[in-house]
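Novice: Got a file for you: protein-v4.txt, compact mmCIF, C-alpha atoms and all ligand atoms.
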```txt
# COMPACT_ATOMS: atom_id res chain seq x y z
CA MET J 1 72.76 237.05 265.76
CA ASN J 2 71.85 235.42 269.05
CA ARG J 3 68.89 233.44 267.82
CA ASP J 4 67.84 231.48 264.71
CA TYR J 5 65.10 232.53 262.32
CA LEU J 6 65.80 229.99 259.60
CA ILE J 7 64.52 226.45 260.08
CA LYS J 8 67.49 224.30 259.13
CA PRO J 9 67.47 220.49 259.00
CA LEU J 10 68.32 220.23 262.71
CA LEU J 11 67.09 223.01 264.97
CA GLY J 12 69.80 224.36 267.21
CA GLN J 13 72.65 222.80 265.25
CA HIS J 14 75.51 224.88 263.90
CA TYR J 15 75.94 224.82 260.10
CA PRO J 16 78.93 226.38 258.38
CA MET J 17 78.08 229.53 256.39
CA ILE J 18 78.81 229.00 252.69
CA SER J 19 81.01 231.52 250.94
CA HIS J 20 81.37 230.19 247.39
CA GLY J 21 81.96 227.14 245.21
CA LYS J 22 84.27 226.32 242.33
CA GLY J 23 84.47 222.99 240.51
CA VAL J 24 84.33 220.18 243.07
CA TYR J 25 85.15 222.50 245.98
CA LEU J 26 83.02 224.52 248.40
CA PHE J 27 84.45 227.18 250.71
CA ASP J 28 82.84 228.41 253.93
CA LYS J 29 83.05 231.92 255.37
CA GLU J 30 85.78 230.83 257.75
CA GLY J 31 87.94 229.91 254.79
CA LYS J 32 87.63 226.14 255.18
CA ARG J 33 87.68 224.16 251.92
CA TYR J 34 85.48 221.10 251.38
CA ILE J 35 85.65 218.60 248.56
CA ASP J 36 82.04 218.10 247.47
CA GLY J 37 81.99 214.31 247.48
CA SER J 38 78.19 214.20 247.33
CA SER J 39 77.43 216.97 244.79
CA GLY J 40 75.32 218.43 247.61
CA ALA J 41 72.27 216.17 247.57
CA ILE J 42 73.62 214.26 244.50
CA THR J 43 72.71 217.32 242.47
CA VAL J 44 75.67 219.37 241.23
CA GLY J 45 76.60 217.12 238.29
CA ILE J 46 78.76 219.64 236.44
CA GLY J 47 80.42 221.22 239.47
CA HIS J 48 80.11 224.64 241.06
CA GLY J 49 80.58 228.05 239.49
CA VAL J 50 80.59 227.10 235.80
CA ASN J 51 80.70 230.41 233.92
CA GLU J 52 78.92 229.11 230.79
CA ILE J 53 75.84 228.31 232.89
CA ILE J 54 75.97 231.61 234.75
CA ASP J 55 76.12 233.46 231.38
CA VAL J 56 73.07 231.59 230.08
CA MET J 57 71.24 232.32 233.32
CA THR J 58 72.04 236.02 233.14
CA GLU J 59 71.04 236.26 229.48
CA GLN J 60 67.69 234.50 230.07
CA ALA J 61 66.99 236.66 233.15
CA ARG J 62 67.57 239.76 231.00
CA GLN J 63 65.00 238.55 228.46
CA VAL J 64 62.37 237.20 230.84
CA SER J 65 62.56 235.20 234.08
CA PHE J 66 58.97 234.19 234.52
CA VAL J 67 55.87 233.66 232.43
CA TYR J 68 52.66 231.94 233.42
CA ARG J 69 52.38 228.68 231.50
CA SER J 70 48.67 229.22 230.80
CA GLN J 71 49.50 232.51 229.06
CA PHE J 72 52.82 231.92 227.28
CA THR J 73 55.21 229.22 226.29
CA SER J 74 58.94 230.03 226.03
CA GLU J 75 61.70 229.05 223.65
CA ALA J 76 63.71 227.86 226.63
CA ALA J 77 61.03 225.40 227.79
CA GLU J 78 60.21 224.22 224.23
CA LYS J 79 63.88 223.60 223.43
CA LEU J 80 64.47 221.78 226.70
CA ALA J 81 61.44 219.51 226.15
CA LYS J 82 62.76 218.68 222.65
CA LYS J 83 66.23 217.97 224.07
CA ILE J 84 64.76 215.65 226.70
CA SER J 85 62.81 213.80 224.01
CA ASP J 86 66.09 213.40 222.05
CA ILE J 87 68.11 212.00 224.96
CA THR J 88 65.50 209.70 226.52
CA GLN J 89 64.75 206.14 225.41
CA GLY J 90 62.15 205.24 222.77
CA ASP J 91 58.91 207.22 222.66
CA LEU J 92 59.42 209.16 225.90
CA ASN J 93 58.53 212.34 224.04
CA TRP J 94 56.39 214.43 226.42
CA THR J 95 57.71 216.48 229.31
CA PHE J 96 55.87 218.24 232.10
CA PHE J 97 58.08 220.62 234.09
CA VAL J 98 57.84 221.02 237.86
CA ASN J 99 60.11 222.38 240.59
CA SER J 100 61.25 219.46 242.70
CA GLY J 101 61.75 215.72 242.49
CA THR J 102 58.80 215.31 244.83
CA GLU J 103 56.50 217.17 242.46
CA ALA J 104 57.84 215.09 239.58
CA THR J 105 56.90 211.77 241.21
CA GLU J 106 53.57 213.16 242.43
CA THR J 107 52.82 214.27 238.85
CA ALA J 108 53.88 210.83 237.54
CA MET J 109 51.46 209.19 239.94
CA LYS J 110 48.57 211.43 238.86
CA LEU J 111 49.44 211.10 235.19
CA ALA J 112 49.33 207.29 235.43
CA ILE J 113 45.90 207.43 237.08
CA GLN J 114 44.63 209.96 234.53
CA HIS J 115 45.93 207.82 231.64
CA PHE J 116 43.56 204.99 232.59
CA GLN J 117 40.65 207.33 233.38
CA GLU J 118 40.89 208.90 229.92
CA LYS J 119 40.84 205.43 228.40
CA GLY J 120 37.54 204.87 230.17
CA ILE J 121 39.05 202.32 232.58
CA LYS J 122 37.74 203.03 236.06
CA GLY J 123 39.27 202.07 239.39
CA LYS J 124 42.99 201.89 238.53
CA ASN J 125 43.95 204.34 241.28
CA LYS J 126 46.68 202.65 243.29
CA ILE J 127 50.43 202.83 242.82
CA LEU J 128 52.77 200.05 243.95
CA SER J 129 56.30 200.66 245.15
CA ARG J 130 59.11 198.98 247.08
CA TRP J 131 60.32 199.10 250.63
CA MET J 132 63.67 200.92 250.85
CA SER J 133 62.71 203.64 248.41
CA TYR J 134 62.41 207.39 248.44
CA HIS J 135 60.21 209.28 246.01
CA GLY J 136 59.60 212.57 247.81
CA ILE J 137 58.21 214.31 250.83
CA THR J 138 54.59 215.40 250.10
CA ILE J 139 51.79 213.10 251.23
CA GLY J 140 51.36 211.54 247.76
CA ALA J 141 55.08 211.08 247.12
CA LEU J 142 55.66 209.87 250.69
CA SER J 143 52.81 207.38 250.24
CA MET J 144 54.91 205.81 247.50
CA SER J 145 58.13 205.96 249.54
CA GLY J 146 59.25 202.91 251.47
CA HIS J 147 61.35 205.00 253.85
CA PRO J 148 60.21 204.07 257.39
CA LEU J 149 61.86 207.04 259.13
CA ARG J 150 60.38 209.65 256.80
CA ARG J 151 56.93 208.00 256.87
CA GLN J 152 56.76 207.44 260.62
CA ARG J 153 55.03 210.64 261.79
CA PHE J 154 52.50 210.73 258.99
CA VAL J 155 51.49 207.08 258.67
CA PRO J 156 47.76 207.75 259.34
CA MET J 157 47.65 210.06 256.31
CA LEU J 158 49.62 207.80 253.97
CA GLU J 159 48.58 205.13 251.49
CA ASP J 160 50.19 201.70 251.85
CA TYR J 161 51.83 201.76 248.44
CA PRO J 162 55.16 200.10 249.32
CA SER J 163 54.27 196.43 248.82
CA VAL J 164 57.36 194.81 247.35
CA SER J 165 60.80 193.86 248.73
CA PRO J 166 63.80 195.80 247.42
CA PRO J 167 66.43 194.04 245.24
CA TYR J 168 68.93 194.30 248.10
CA CYS J 169 71.24 191.37 247.42
CA TYR J 170 73.72 192.31 250.17
CA ARG J 171 71.04 191.58 252.79
CA CYS J 172 68.38 189.81 250.77
CA PRO J 173 65.03 190.44 252.47
CA LEU J 174 63.90 187.04 251.17
CA ASN J 175 67.04 185.30 252.48
CA LEU J 176 67.94 184.08 249.01
CA ALA J 177 71.03 184.46 246.83
CA PHE J 178 71.44 185.53 243.22
CA PRO J 179 71.27 183.86 240.69
CA SER J 180 69.56 180.84 242.26
CA CYS J 181 66.84 183.19 243.59
CA ASP J 182 65.71 183.75 240.00
CA THR J 183 64.99 187.41 240.97
CA ALA J 184 62.25 186.36 243.39
CA CYS J 185 62.05 190.00 244.58
CA ALA J 186 60.81 191.00 241.10
CA SER J 187 58.32 188.13 241.11
CA GLU J 188 57.00 189.53 244.42
CA LEU J 189 55.56 192.37 242.35
CA GLU J 190 53.31 189.86 240.62
CA THR J 191 52.26 188.37 243.97
CA ALA J 192 51.35 191.88 245.20
CA ILE J 193 49.42 192.61 241.99
CA ASN J 194 47.49 189.35 242.30
CA ARG J 195 46.68 190.08 245.93
CA ILE J 196 45.45 193.64 245.32
CA GLY J 197 44.02 193.09 241.84
CA SER J 198 45.49 194.66 238.68
CA GLU J 199 42.13 196.38 238.09
CA HIS J 200 43.01 198.66 241.04
CA ILE J 201 46.62 199.44 240.10
CA ALA J 202 47.78 202.21 237.74
CA ALA J 203 51.56 202.02 238.11
CA PHE J 204 54.63 200.58 239.77
CA ILE J 205 57.34 203.10 240.68
CA ALA J 206 61.01 202.32 241.39
CA GLU J 207 64.36 204.08 241.55
CA PRO J 208 66.62 202.30 239.01
CA ILE J 209 69.35 202.38 241.68
CA ILE J 210 68.07 202.90 245.22
CA GLY J 211 69.48 206.13 246.67
CA ALA J 212 68.68 207.76 250.01
CA ALA J 213 66.81 204.71 251.32
CA GLY J 214 69.53 202.14 250.65
CA GLY J 215 72.81 203.70 249.52
CA ALA J 216 73.20 203.01 245.79
CA ILE J 217 71.63 199.54 245.70
CA VAL J 218 71.92 198.07 242.19
CA PRO J 219 69.45 195.29 241.32
CA PRO J 220 70.72 192.01 239.85
CA HIS J 221 70.65 191.24 236.14
CA GLY J 222 67.25 190.44 234.74
CA TYR J 223 65.42 192.28 237.52
CA TYR J 224 64.03 195.17 235.46
CA GLN J 225 63.28 192.95 232.46
CA ARG J 226 61.09 190.86 234.79
CA VAL J 227 59.48 193.98 236.34
CA LYS J 228 58.61 195.38 232.91
CA GLU J 229 57.19 192.03 231.79
CA ILE J 230 54.96 191.84 234.87
CA CYS J 231 53.78 195.43 234.41
CA GLU J 232 52.94 194.89 230.74
CA LYS J 233 51.13 191.62 231.40
CA ASN J 234 48.94 193.34 234.01
CA ASP J 235 48.37 196.63 232.14
CA ILE J 236 50.28 198.60 234.76
CA LEU J 237 52.57 201.51 233.88
CA PHE J 238 56.20 201.39 234.95
CA ILE J 239 57.54 204.66 236.40
CA ALA J 240 61.34 204.95 236.71
CA ASP J 241 62.23 207.59 239.30
CA GLU J 242 65.49 208.93 237.84
CA VAL J 243 65.53 212.04 240.04
CA MET J 244 68.88 210.96 241.51
CA THR J 245 70.23 208.81 238.68
CA GLY J 246 69.35 210.91 235.61
CA ILE J 247 71.66 213.02 233.41
CA GLY J 248 74.74 210.87 233.40
CA ARG J 249 75.22 210.20 237.11
CA THR J 250 75.48 206.39 236.76
CA GLY J 251 77.54 206.30 233.55
CA LYS J 252 74.51 206.33 231.24
CA MET J 253 72.38 209.38 230.46
CA PHE J 254 69.50 207.54 232.22
CA ALA J 255 70.14 204.61 234.54
CA MET J 256 67.44 202.43 232.98
CA GLU J 257 69.66 202.23 229.88
CA HIS J 258 71.90 199.85 231.87
CA TRP J 259 69.16 197.24 231.54
CA GLY J 260 67.76 198.23 228.15
CA VAL J 261 64.29 198.60 229.61
CA GLN J 262 62.13 201.57 228.63
CA PRO J 263 59.82 202.89 231.34
CA ASP J 264 56.41 204.41 230.52
CA ILE J 265 57.08 207.45 232.69
CA VAL J 266 60.40 208.85 233.93
CA THR J 267 60.98 211.46 236.62
CA LEU J 268 63.95 213.76 236.63
CA GLY J 269 65.26 216.43 239.03
CA LYS J 270 68.49 217.24 240.85
CA GLY J 271 71.17 216.91 238.10
CA MET J 272 68.94 218.29 235.35
CA THR J 273 69.88 221.81 236.41
CA SER J 274 72.93 220.74 238.40
CA GLY J 275 71.34 222.78 241.21
CA TYR J 276 71.94 226.15 239.51
CA THR J 277 68.17 226.78 239.71
CA PRO J 278 65.32 224.51 240.89
CA MET J 279 63.60 222.39 238.24
CA ALA J 280 62.36 218.83 237.83
CA ALA J 281 60.36 216.97 235.20
CA THR J 282 57.92 214.18 234.51
CA ILE J 283 58.50 212.58 231.11
CA ALA J 284 55.83 210.39 229.54
CA SER J 285 55.72 208.14 226.49
CA ASP J 286 53.45 208.75 223.48
CA ARG J 287 51.40 205.77 224.66
CA VAL J 288 50.77 207.37 228.07
CA ILE J 289 49.76 210.75 226.62
CA GLU J 290 47.67 209.46 223.70
CA PRO J 291 44.36 208.93 225.57
CA ILE J 292 44.70 212.36 227.21
CA MET J 293 45.37 213.96 223.82
CA LYS J 294 42.23 212.27 222.45
CA GLY J 295 40.30 213.02 225.62
CA SER J 296 40.30 216.02 227.95
CA LYS J 297 43.68 217.33 226.67
CA LEU J 298 44.31 218.70 230.15
CA VAL J 299 47.03 217.06 232.24
CA MET J 300 45.57 217.70 235.66
CA SER J 301 48.59 219.09 237.48
CA GLY J 302 50.72 222.23 237.43
CA HIS J 303 52.45 224.83 239.51
CA THR J 304 52.93 228.56 239.30
CA PHE J 305 56.59 228.02 238.54
CA SER J 306 56.12 225.11 236.08
CA ALA J 307 58.22 225.44 232.90
CA ASN J 308 60.00 228.46 234.34
CA PRO J 309 62.09 229.94 231.48
CA LEU J 310 65.08 230.75 233.67
CA SER J 311 65.35 227.18 234.96
CA ALA J 312 64.61 225.74 231.50
CA ALA J 313 67.45 227.75 229.95
CA VAL J 314 69.77 226.60 232.74
CA SER J 315 68.76 222.96 232.39
CA LEU J 316 69.29 222.98 228.63
CA ALA J 317 72.72 224.55 229.12
CA VAL J 318 73.58 221.94 231.78
CA ILE J 319 72.55 219.01 229.53
CA GLU J 320 74.54 220.51 226.63
CA TYR J 321 77.53 220.93 228.95
CA VAL J 322 77.26 217.26 229.99
CA GLU J 323 77.23 216.24 226.31
CA LYS J 324 79.98 218.62 225.19
CA HIS J 325 82.38 217.47 227.92
CA ASN J 326 81.51 213.74 227.60
CA LEU J 327 80.54 213.63 231.24
CA VAL J 328 78.43 210.48 230.91
CA LYS J 329 81.51 208.52 229.82
CA ALA J 330 83.55 210.35 232.49
CA ALA J 331 81.08 209.19 235.15
CA GLU J 332 81.53 205.59 234.01
CA GLU J 333 85.34 205.70 233.88
CA LYS J 334 85.93 207.75 237.01
CA GLY J 335 83.27 205.74 238.84
CA ASP J 336 85.13 202.51 237.98
CA TYR J 337 88.39 204.01 239.22
CA LEU J 338 86.85 205.24 242.49
CA LYS J 339 84.99 201.98 243.09
CA LYS J 340 88.12 199.85 242.57
CA LYS J 341 90.05 201.98 245.06
CA LEU J 342 87.17 201.67 247.55
CA GLU J 343 87.14 197.90 247.10
CA ALA J 344 90.85 197.88 247.89
CA LEU J 345 90.12 199.87 251.07
CA GLN J 346 87.33 197.43 251.89
CA ALA J 347 89.70 194.45 251.60
CA ASN J 348 91.75 195.85 254.52
CA SER J 349 88.91 197.28 256.55
CA SER J 350 86.96 195.82 259.43
CA ILE J 351 84.07 198.25 259.05
CA ILE J 352 83.34 198.48 255.31
CA GLY J 353 80.76 195.78 254.64
CA ASP J 354 79.79 196.54 251.05
CA VAL J 355 80.81 198.82 248.19
CA ARG J 356 78.23 199.14 245.44
CA GLY J 357 76.71 201.42 242.81
CA LYS J 358 77.30 202.45 239.22
CA GLY J 359 79.23 205.31 237.71
CA LEU J 360 79.63 208.15 240.17
CA LEU J 361 76.78 206.98 242.40
CA ILE J 362 78.62 204.77 244.86
CA GLY J 363 77.30 203.40 248.13
CA VAL J 364 79.26 202.16 251.13
CA GLU J 365 77.58 200.12 253.86
CA LEU J 366 79.32 200.00 257.21
CA GLU J 367 79.46 197.06 259.59
CA GLY J 368 80.05 196.55 263.29
CA ASN J 369 77.47 199.08 264.52
CA VAL J 370 79.46 201.96 263.07
CA LYS J 371 77.06 204.83 262.41
CA SER J 372 77.38 206.43 259.00
CA SER J 373 76.37 209.79 260.54
CA SER J 374 79.56 209.71 262.71
CA PHE J 375 81.62 208.74 259.68
CA ILE J 376 80.12 211.57 257.63
CA GLN J 377 80.69 214.09 260.43
CA ASN J 378 84.29 212.99 260.83
CA ALA J 379 84.91 213.26 257.07
CA SER J 380 83.23 216.69 256.96
CA ASN J 381 85.50 217.93 259.76
CA LYS J 382 88.39 216.90 257.53
CA GLY J 383 86.88 218.67 254.51
CA LEU J 384 85.04 215.89 252.65
CA LEU J 385 81.26 215.98 252.14
CA LEU J 386 79.32 212.69 251.84
CA TYR J 387 75.61 211.83 251.55
CA PRO J 388 73.83 209.78 254.26
CA SER J 389 71.60 206.79 253.48
CA VAL J 390 69.60 204.49 255.69
CA ALA J 391 70.12 200.78 255.03
CA GLY J 392 70.03 197.47 256.89
CA ARG J 393 67.44 194.74 256.79
CA ASN J 394 64.72 196.99 258.25
CA GLY J 395 65.68 199.96 256.04
CA LYS J 396 66.15 202.11 259.15
CA GLU J 397 69.79 201.75 260.12
CA ASP J 398 72.16 204.69 260.09
CA SER J 399 74.73 202.51 258.34
CA ALA J 400 75.35 203.63 254.75
CA PHE J 401 76.56 206.65 252.84
CA MET J 402 77.00 207.62 249.23
CA ILE J 403 79.97 209.08 247.39
CA ALA J 404 78.75 210.99 244.36
CA PRO J 405 81.06 213.87 243.40
CA PRO J 406 80.42 216.11 240.38
CA LEU J 407 80.96 214.22 237.10
CA THR J 408 83.68 216.76 236.31
CA ILE J 409 85.95 215.50 239.12
CA THR J 410 89.55 214.79 238.03
CA TYR J 411 91.60 211.70 238.96
CA GLU J 412 93.77 213.86 241.25
CA GLU J 413 90.68 215.13 243.03
CA ILE J 414 89.39 211.56 243.40
CA ASP J 415 92.72 210.63 245.03
CA GLU J 416 92.36 213.58 247.40
CA LEU J 417 88.80 212.47 248.25
CA LEU J 418 90.05 208.92 248.90
CA GLN J 419 92.87 210.19 251.10
CA ILE J 420 90.44 211.99 253.42
CA LEU J 421 88.04 209.05 253.33
CA SER J 422 90.73 206.56 254.33
CA GLU J 423 91.94 208.83 257.16
CA SER J 424 88.36 208.93 258.51
CA LEU J 425 88.12 205.19 258.11
CA TYR J 426 91.37 204.48 259.99
CA GLU J 427 90.33 206.80 262.82
CA LEU J 428 86.98 205.09 263.24
CA GLU J 429 88.59 201.65 263.07
CA ALA J 430 91.11 202.62 265.70
CA LYS J 431 88.26 203.86 267.90
CA GLN J 432 86.34 200.60 267.37
CA SER J 433 89.29 198.41 268.26
CA GLY J 434 90.52 200.59 271.11
N1 LIG Z 501 63.05 210.81 244.05
C1 LIG Z 501 64.30 210.44 244.35
C2 LIG Z 501 64.85 209.17 243.76
C3 LIG Z 501 65.09 211.21 245.20
O1 LIG Z 501 66.34 210.82 245.49
C4 LIG Z 501 64.55 212.41 245.72
C5 LIG Z 501 65.35 213.25 246.63
O2 LIG Z 501 66.32 212.85 247.20
C6 LIG Z 501 63.24 212.76 245.37
C7 LIG Z 501 62.53 211.95 244.53
C8 LIG Z 501 62.65 214.02 245.90
O3 LIG Z 501 63.24 215.10 245.28
P1 LIG Z 501 63.19 216.58 245.93
O4 LIG Z 501 64.01 216.52 247.18
O5 LIG Z 501 63.78 217.44 244.88
O6 LIG Z 501 61.77 216.88 246.19
```
If you convert what's in this file into structure tokens, what do you get?
Specialist:
Amino acid sequence: MNRDYLIKPLLGQHYPMISHGKGVYLFDKEGKRYIDGSSGAITVGIGHGVNEIIDVMTEQARQVSFVYRSQFTSEAAEKLAKKISDITQGDLNWTFFVNSGTEATETAMKLAIQHFQEKGIKGKNKILSRWMSYHGITIGALSMSGHPLRRQRFVPMLEDYPSVSPPYCYRCPLNLAFPSCDTACASELETAINRIGSEHIAAFIAEPIIGAAGGAIVPPHGYYQRVKEICEKNDILFIADEVMTGIGRTGKMFAMEHWGVQPDIVTLGKGMTSGYTPMAATIASDRVIEPIMKGSKLVMSGHTFSANPLSAAVSLAVIEYVEKHNLVKAAEEKGDYLKKKLEALQANSSIIGDVRGKGLLIGVELEGNVKSSSFIQNASNKGLLLYPSVAGRNGKEDSAFMIAPPLTITYEEIDELLQILSESLYELEAKQSG
């Protein structure tokens, strides 16, 4: 073909043509092998080409692939919703299925607003969020996202929801240090609420660990306890966006379990189907749904493909696979191993500034004006795939990346990943110094 018809992320750029995937490896049509160090977009939690999932997918497709949710429910969707209720914290018992993480956060936002409307409380229509966050790409989800580069072109259409500093201890936006700061970044939420007025605010949304807009930034101890306290005091719902962190990625089934704080609404995507089919979800507590149940009964959202039986069957099989193979524990143990090795690399490196994250969601921030995009390209040339993140004090610098391989990765494969990573590192360091 001498021209492109497909709009790819960068027009005019060459992308390798995928052939197939197996386990933690991807192979292109030219026969090159890549170790999938980012699970694609932090998605393929159980690895590529798992036959058990493909069998479930085939079986469900034989029975029925699609039904319209206003006409039928399906065993697949009912069972998955029950499973999600079983594995989530506390009374997070209600699930609304959508097709992307963006739709999940957009639904969460609308659900929070509807919750107060159905209670007869008028005017709670705003959502608060943090700078250095990413919650999705539609106008509503982007309004909540504190990602300057992704917002830039659409600012006139967006709401100013990001109002709070991120818990970014490595470069504290408040120029403080933990623990003497007393989590002042969490207290900023209260300042924002007081400025805007809690009577106008329905919810606060945050990624438990900041992903694309920070590179696996983990908040300090006590942060989420304080956030939850402030939300409760002001009658504001707390939405945890677990699209990237959910289903074992961080060494807990849901990342909020690290802090023992139960959100009112949780969003899920990516790893819930491990990318075998598209599906995402908005999960709400009994308390959130109760006024809607007593009121209109109609959650005002939905998509043609919502609760798609094929994706629901796949997601249930993926979650069962994660449980059966103890992949949550594996993420914790293998994450610790990988992180320790990275810290050892950092100790001898002039360009690794910070290594952070939990489980198999690990972020690396580079120093000395080294661009993470060049690092990622170099590693990809050598057969290692990594995930880019913006970082830096202004949340715009091309300076971080994430390492987030499938939770099924073996110790030998981690060593192979580290070998390629250190080769890329040494090359870039040599370039810097020479
Ligand atoms: N929320 C978080 C935390 C994400 O990381 C992403 C995607 O990276 C989204 C929402 C949007 O998900 P999607 O790309 O599936 O629309």
Novice: Compare J:Ile292, J:Val243, J:Ala331, J:Ile127 by their minimum atom-to-atom distance to ligand LIG 501 (chain Z), counting only C-alpha atoms and all ligand atoms, and give me the closest one.
Specialist: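 Closest to ligand LIG 501 (chain Z) of all the choices is J:Val243.
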Novice: As JSON, what would the box around segment 124-133 of chain J look like: edges along x, y and z, 8 Å added on every side, centre and edge lengths in Å to one decimal?
Specialist:
```
{"center_x": 53.3, "center_y": 201.7, "center_z": 244.7, "size_x": 36.7, "size_y": 21.4, "size_z": 28.3}
```
Novice: How close does each residue of segment 98-204 of chain J get to segment 262-277 of chain J, giving the shortest atom pair and distance in Å to one decimal for every residue with an atom at most 9 Å away, counting all atoms listed in the file, sorted by chain and residue number, as a Markdown table?
Specialist:
```
| residue | atom | partner | partner_atom | distance |
| --- | --- | --- | --- | --- |
| J:Val98 | CA | J:Gly269 | CA | 8.8 |
| J:Asn99 | CA | J:Gly269 | CA | 8.0 |
| J:Ser100 | CA | J:Gly269 | CA | 6.2 |
| J:Gly101 | CA | J:Gly269 | CA | 5.0 |
| J:Thr102 | CA | J:Gly269 | CA | 8.8 |
| J:Ala104 | CA | J:Thr267 | CA | 5.6 |
| J:Thr105 | CA | J:Thr267 | CA | 6.1 |
| J:Thr107 | CA | J:Thr267 | CA | 8.9 |
| J:Ala108 | CA | J:Ile265 | CA | 6.7 |
| J:Leu111 | CA | J:Ile265 | CA | 8.8 |
| J:Ala112 | CA | J:Ile265 | CA | 8.2 |
```
Novice: Give me the chain J side of the contact with ligand LIG 501 (chain Z), cut-off 9 Å, one line per residue showing its nearest atom pair and distance in Å at one decimal, counting all atoms listed in the file, sorted by chain and residue number, as CSV.
Specialist:
```
residue,atom,partner,partner_atom,distance
J:Ala41,CA,Z:LIG501,O2,6.8
J:Ile42,CA,Z:LIG501,O2,7.9
J:Asn99,CA,Z:LIG501,O5,7.5
J:Ser100,CA,Z:LIG501,O5,3.9
J:Gly101,CA,Z:LIG501,O3,3.2
J:Thr102,CA,Z:LIG501,O6,3.6
J:Glu103,CA,Z:LIG501,O6,6.5
J:Ala104,CA,Z:LIG501,C7,7.5
J:Thr105,CA,Z:LIG501,C7,6.5
J:Ser133,CA,Z:LIG501,C2,7.5
J:Tyr134,CA,Z:LIG501,C1,5.4
J:His135,CA,Z:LIG501,N1,3.8
J:Gly136,CA,Z:LIG501,C8,3.9
J:Ile137,CA,Z:LIG501,O6,6.4
J:Thr138,CA,Z:LIG501,O6,8.3
J:Ala141,CA,Z:LIG501,C7,7.9
J:Ser145,CA,Z:LIG501,N1,8.8
J:Ala206,CA,Z:LIG501,C2,8.2
J:Glu207,CA,Z:LIG501,C2,5.6
J:Pro208,CA,Z:LIG501,C2,8.5
J:Ile209,CA,Z:LIG501,C2,8.4
J:Ile210,CA,Z:LIG501,C2,7.2
J:Gly211,CA,Z:LIG501,O1,5.8
J:Ala212,CA,Z:LIG501,O1,5.9
J:Ala213,CA,Z:LIG501,O1,8.5
J:Ala240,CA,Z:LIG501,C2,8.9
J:Asp241,CA,Z:LIG501,C2,5.4
J:Glu242,CA,Z:LIG501,C2,6.0
J:Val243,CA,Z:LIG501,C2,4.7
J:Met244,CA,Z:LIG501,O1,4.7
J:Thr245,CA,Z:LIG501,C2,7.4
J:Thr267,CA,Z:LIG501,N1,7.7
J:Leu268,CA,Z:LIG501,N1,8.0
J:Gly269,CA,Z:LIG501,O5,6.1
J:Lys270,CA,Z:LIG501,O5,6.2
J:Pro278,CA,Z:LIG501,O5,8.3
J:Met279,CA,Z:LIG501,O5,8.3
J:Ala280,CA,Z:LIG501,O5,7.3
```
Novice: Show me, as a PyMOL selection string, the residues that have an atom within 7 Å of Lys126 of chain J when counting all atoms listed in the file, minus same-chain residues fewer than 3 positions from it.
Specialist: chain J and resi 200-202
Novice: Restricting it to C-alpha atoms, dump the selection as a CSV table (one decimal), in the frame of the given file.
Specialist:
```
chain,number,residue,atom,x,y,z
J,200,HIS,CA,43.0,198.7,241.0
J,201,ILE,CA,46.6,199.4,240.1
J,202,ALA,CA,47.8,202.2,237.7
```
Novice: Which residues are near Tyr15 of chain J? Cut-off 12 Å, all atoms listed in the file, ignore same chain within fewer than 2 positions. Put them as a PyMOL selection string.
Specialist: chain J and resi 4+6-13+17-18+28-30+377+380-381
Novice: Give me the residues within 8 Å of Gly395 of chain J as a PyMOL selection string, counting all atoms listed in the file and dropping any in the same chain fewer than 4 places off.
Specialist: chain J and resi 131-132+147-148+213-214+390-391
Novice: J:Arg150, J:Phe238, J:Glu429, J:Gly49: which is nearest Arg226 of chain J, counting all atoms listed in the file?
Specialist: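 Smallest distance to Arg226 of chain J is found for J:Phe238.
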Novice: Select, from J:Ser65, J:Ser198, J:Ser165, J:Ser285, the residue with the minimum atom-to-atom distance to Cys231 of chain J, counting only C-alpha atoms.
Specialist: J:Ser198
Novice: So that I can see what lies close to His48 of chain J, please list as a PyMOL selection string the residues with an atom at most 6 Å from it, counting all atoms listed in the file and leaving out residues fewer than 5 positions away in the same chain.
Specialist: chain J and resi 21-23
Novice: For Ile319 of chain J, which residue out of J:Glu229, J:Arg249, J:Gly90, J:Glu118 is the nearest one, using all atoms listed in the file?
Specialist: J:Arg249
Novice: Work out how far apart atom CA of Arg195 of chain J and atom CA of Lys396 of chain J are and give it in Å to one decimal.
Specialist: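 These atoms are spaced 26.4 Å apart.
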Novice: Just want the 7 Å neighbourhood of Ser372 of chain J, counted on all atoms listed in the file, with same-chain residues fewer than 5 positions away dropped. Output as an mmCIF file with C-alpha atoms, keeping the file's coordinate frame.
Specialist:
```cif
data_model
loop_
_atom_site.group_PDB
_atom_site.id
_atom_site.type_symbol
_atom_site.label_atom_id
_atom_site.label_comp_id
_atom_site.auth_asym_id
_atom_site.auth_seq_id
_atom_site.Cartn_x
_atom_site.Cartn_y
_atom_site.Cartn_z
ATOM 1 C CA LEU J 366 79.320 200.000 257.210
ATOM 2 C CA PRO J 388 73.830 209.780 254.260
ATOM 3 C CA ASP J 398 72.160 204.690 260.090
ATOM 4 C CA SER J 399 74.730 202.510 258.340
ATOM 5 C CA ALA J 400 75.350 203.630 254.750
ATOM 6 C CA PHE J 401 76.560 206.650 252.840
#
```
Novice: Which residue, J:Phe178, J:Phe254, J:Tyr170, J:Tyr224, has the smallest gap to Gly363 of chain J when you use all atoms listed in the file?
Specialist: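 Residue with the minimum atom-to-atom distance to Gly363 of chain J: J:Tyr170.
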Novice: What separation in Å, quoted to one decimal, exists between atom CA of Pro291 of chain J and atom CA of Gln117 of chain J?
Specialist: 8.8 Å
Novice: How many Å lie between atom CA of Cys185 of chain J and atom CA of Ile239 of chain J, rounded to one decimal?
Specialist: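 Distance reported for this atom pair: 17.4 Å.
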